[in-house]
file entry35.csv (CSV, C-alpha atoms)
chain,number,residue,atom,x,y,z
A,268,GLN,CA,1.2,43.9,30.2
A,269,VAL,CA,-1.1,46.5,31.8
A,270,ARG,CA,0.2,49.9,31.1
A,271,PHE,CA,-1.0,53.5,31.4
A,272,VAL,CA,0.5,56.5,29.5
A,273,GLU,CA,-0.4,59.9,30.8
A,274,SER,CA,0.0,63.0,28.7
A,275,GLY,CA,-1.2,66.6,28.3
A,276,GLY,CA,0.7,68.2,31.1
A,277,GLY,CA,2.7,71.4,30.8
A,278,LEU,CA,3.3,74.9,32.1
A,279,VAL,CA,0.2,77.1,32.3
A,280,GLN,CA,-0.6,80.4,33.9
A,281,PRO,CA,-3.0,80.7,36.8
A,282,GLY,CA,-6.6,80.6,35.5
A,283,GLY,CA,-5.6,78.6,32.5
A,284,SER,CA,-6.7,75.1,31.4
A,285,LEU,CA,-5.2,71.8,30.5
A,286,ARG,CA,-6.6,68.5,29.4
A,287,LEU,CA,-4.8,65.3,30.6
A,288,SER,CA,-5.2,62.0,28.8
A,289,CYS,CA,-4.7,58.5,30.2
A,290,ALA,CA,-4.2,55.9,27.5
A,291,ALA,CA,-4.4,52.2,28.6
A,292,SER,CA,-2.6,49.4,26.7
A,293,GLY,CA,-2.5,45.7,27.3
A,294,PHE,CA,-6.1,45.5,28.6
A,295,SER,CA,-9.5,47.0,28.1
A,296,LEU,CA,-10.7,49.8,30.4
A,297,ASP,CA,-14.3,48.4,30.2
A,298,HIS,CA,-15.6,47.9,33.7
A,299,TYR,CA,-12.6,49.4,35.4
A,300,ALA,CA,-13.0,52.4,37.7
A,301,ILE,CA,-10.4,55.0,36.6
A,302,GLY,CA,-8.7,57.5,38.8
A,303,TRP,CA,-6.6,60.6,38.5
A,304,PHE,CA,-4.1,61.2,41.3
A,305,ARG,CA,-1.5,63.8,41.9
A,306,GLN,CA,1.7,64.2,43.9
A,307,ALA,CA,3.3,67.5,44.7
A,308,PRO,CA,6.9,67.7,46.0
A,309,GLY,CA,7.1,66.8,49.6
A,310,LYS,CA,3.5,65.6,49.8
A,311,GLU,CA,1.7,62.3,49.6
A,312,ARG,CA,-0.1,61.2,46.5
A,313,GLU,CA,-3.8,62.2,46.6
A,314,GLY,CA,-6.9,61.2,44.7
A,315,VAL,CA,-8.1,64.0,42.6
A,316,SER,CA,-11.0,62.5,40.7
A,317,CYS,CA,-12.3,59.1,39.9
A,318,ILE,CA,-15.0,57.6,37.7
A,319,SER,CA,-16.9,54.4,38.2
A,320,GLY,CA,-16.5,51.3,36.0
A,321,SER,CA,-19.8,52.0,34.3
A,322,GLY,CA,-19.0,55.7,34.0
A,323,GLY,CA,-22.2,56.6,35.9
A,324,ASP,CA,-20.7,58.0,39.0
A,325,THR,CA,-17.8,60.4,39.7
A,326,TYR,CA,-15.9,61.7,42.7
A,327,TYR,CA,-13.9,64.9,43.0
A,328,ALA,CA,-11.7,66.1,45.8
A,329,ASP,CA,-13.0,69.3,47.4
A,330,SER,CA,-10.0,71.2,46.2
A,331,VAL,CA,-10.9,70.6,42.5
A,332,LYS,CA,-14.7,70.4,42.6
A,333,GLY,CA,-16.3,72.7,40.0
A,334,ARG,CA,-13.0,73.1,38.2
A,335,PHE,CA,-12.0,69.6,37.0
A,336,THR,CA,-14.0,67.2,34.9
A,337,ILE,CA,-13.2,63.5,34.5
A,338,SER,CA,-14.5,61.5,31.5
A,339,ARG,CA,-13.8,58.2,29.8
A,340,ASP,CA,-13.9,56.9,26.2
A,341,ASN,CA,-14.0,53.2,26.4
A,342,ALA,CA,-13.9,52.9,22.6
A,343,ASN,CA,-10.5,54.5,22.6
A,344,ASN,CA,-9.4,53.0,25.8
A,345,THR,CA,-8.7,56.4,27.2
A,346,ALA,CA,-9.7,58.6,30.2
A,347,TYR,CA,-9.4,62.3,30.4
A,348,LEU,CA,-9.2,65.0,33.1
A,349,GLN,CA,-10.2,68.5,31.9
A,350,MET,CA,-8.7,71.0,34.3
A,351,ASN,CA,-10.0,74.6,34.3
A,352,SER,CA,-9.2,77.7,36.4
A,353,LEU,CA,-5.9,76.2,37.4
A,354,LYS,CA,-4.2,77.4,40.5
A,355,PRO,CA,-0.6,77.2,41.7
A,356,ASP,CA,-1.7,74.6,44.3
A,357,ASP,CA,-2.6,72.3,41.4
A,358,THR,CA,1.1,72.0,40.5
A,359,ALA,CA,2.0,68.3,40.7
A,360,VAL,CA,2.8,65.1,38.8
A,361,TYR,CA,-0.5,63.7,37.7
A,362,TYR,CA,-1.0,59.9,37.4
A,363,CYS,CA,-3.8,57.6,36.4
A,364,ALA,CA,-4.7,54.1,37.7
A,365,ALA,CA,-7.6,51.7,37.5
A,366,GLU,CA,-9.5,49.4,39.7
A,367,TRP,CA,-11.5,46.4,38.3
A,368,GLY,CA,-15.3,46.4,38.7
A,369,GLN,CA,-15.5,49.3,41.2
A,370,GLU,CA,-18.7,51.3,41.1
A,371,ASN,CA,-17.8,53.5,44.1
A,372,PRO,CA,-15.3,56.1,42.8
A,373,TYR,CA,-14.8,57.6,46.3
A,374,TYR,CA,-13.3,54.3,47.3
A,375,THR,CA,-11.0,54.2,44.2
A,376,CYS,CA,-9.7,57.6,44.9
A,377,GLY,CA,-9.2,57.2,48.7
A,378,PHE,CA,-8.7,53.6,49.6
A,379,ALA,CA,-8.1,51.2,46.8
A,380,PRO,CA,-4.7,49.4,46.8
A,381,LEU,CA,-3.7,50.5,43.3
A,382,ASP,CA,-0.5,49.4,41.8
A,383,ASN,CA,-0.8,49.9,38.0
A,384,TRP,CA,0.6,53.4,37.9
A,385,GLY,CA,1.8,55.2,34.8
A,386,GLN,CA,4.9,57.4,34.6
A,387,GLY,CA,2.8,60.5,35.2
A,388,THR,CA,2.7,63.9,33.5
A,389,GLN,CA,3.9,67.1,35.1
A,390,VAL,CA,1.5,70.0,35.6
A,391,THR,CA,3.0,73.4,36.6
A,392,VAL,CA,0.8,76.4,37.3
A,393,SER,CA,2.9,79.5,37.5
A,394,SER,CA,3.0,83.1,36.2
call {"tool": "encode", "arguments": {"input": "entry35.csv", "output": "structure tokens"}}
result
Amino acid sequence: QVRFVESGGGLVQPGGSLRLSCAASGFSLDHYAIGWFRQAPGKEREGVSCISGSGGDTYYADSVKGRFTISRDNANNTAYLQMNSLKPDDTAVYYCAAEWGQENPYYTCGFAPLDNWGQGTQVTVSS
């Protein structure tokens, strides 16, 4: 059974940092594009950052560019999202998902019909 488990969320002050982890079980992440998405209360889920199946290309939403970094560790079947300079607008539940064989991370983040969502991890940025 394909399953993701997100972790690493929490309460942080503006300007702080968090590192989210996305652990996959039941399948290998090799060749899957991986995406981080978020959903704030009253808003639709949006693609934050995605990485291609080979790891050679990444996409970042304009709102997080220069502050967030996506990475993957296929040996440990895990993906990460390093979030720096956090802002209150980053408050949301963060989810990860994957798309087989995709080398265009912009597509994964914006258009792919993903359905293998984890339970998410809450990120709250507040003073």
call {"tool": "closest_residue", "arguments": {"input": "entry35.csv", "among": "A:Ser338, A:Thr345, A:Ser321, A:Ser394", "to": "Pro281 in chain A", "atoms": "all atoms listed in the file"}}
result
A:Ser394
call {"tool": "residues_near_point", "arguments": {"input": "entry35.csv", "point": "(-4.0, 60.1, 39.9)", "cutoff": "7 Å", "atoms": "all atoms listed in the file", "output": "VMD selection string"}}
result
chain A and resid 302 to 305 314 to 315 361 to 364
call {"tool": "atom_distance", "arguments": {"input": "entry35.csv", "atom1": "CA of Phe271 in chain A", "atom2": "CA of Asp324 in chain A"}}
result
21.6 Å
call {"tool": "atom_distance", "arguments": {"input": "entry35.csv", "atom1": "CA of Val390 in chain A", "atom2": "CA of Val272 in chain A"}}
result
14.8 Å
call {"tool": "closest_residue", "arguments": {"input": "entry35.csv", "among": "A:Asn343, A:Ser393, A:Ala290, A:Ala365", "to": "Leu381 in chain A", "atoms": "all atoms listed in the file"}}
result
A:Ala365
call {"tool": "closest_residue", "arguments": {"input": "entry35.csv", "among": "A:Asn351, A:Ser295, A:Ser319, A:Thr358", "to": "Thr391 in chain A", "atoms": "all atoms listed in the file"}}
result
A:Thr358
call {"tool": "closest_residue", "arguments": {"input": "entry35.csv", "among": "A:Val392, A:Ile301, A:Ala328, A:Ala342", "to": "Gly368 in chain A", "atoms": "all atoms listed in the file"}}
result
A:Ile301
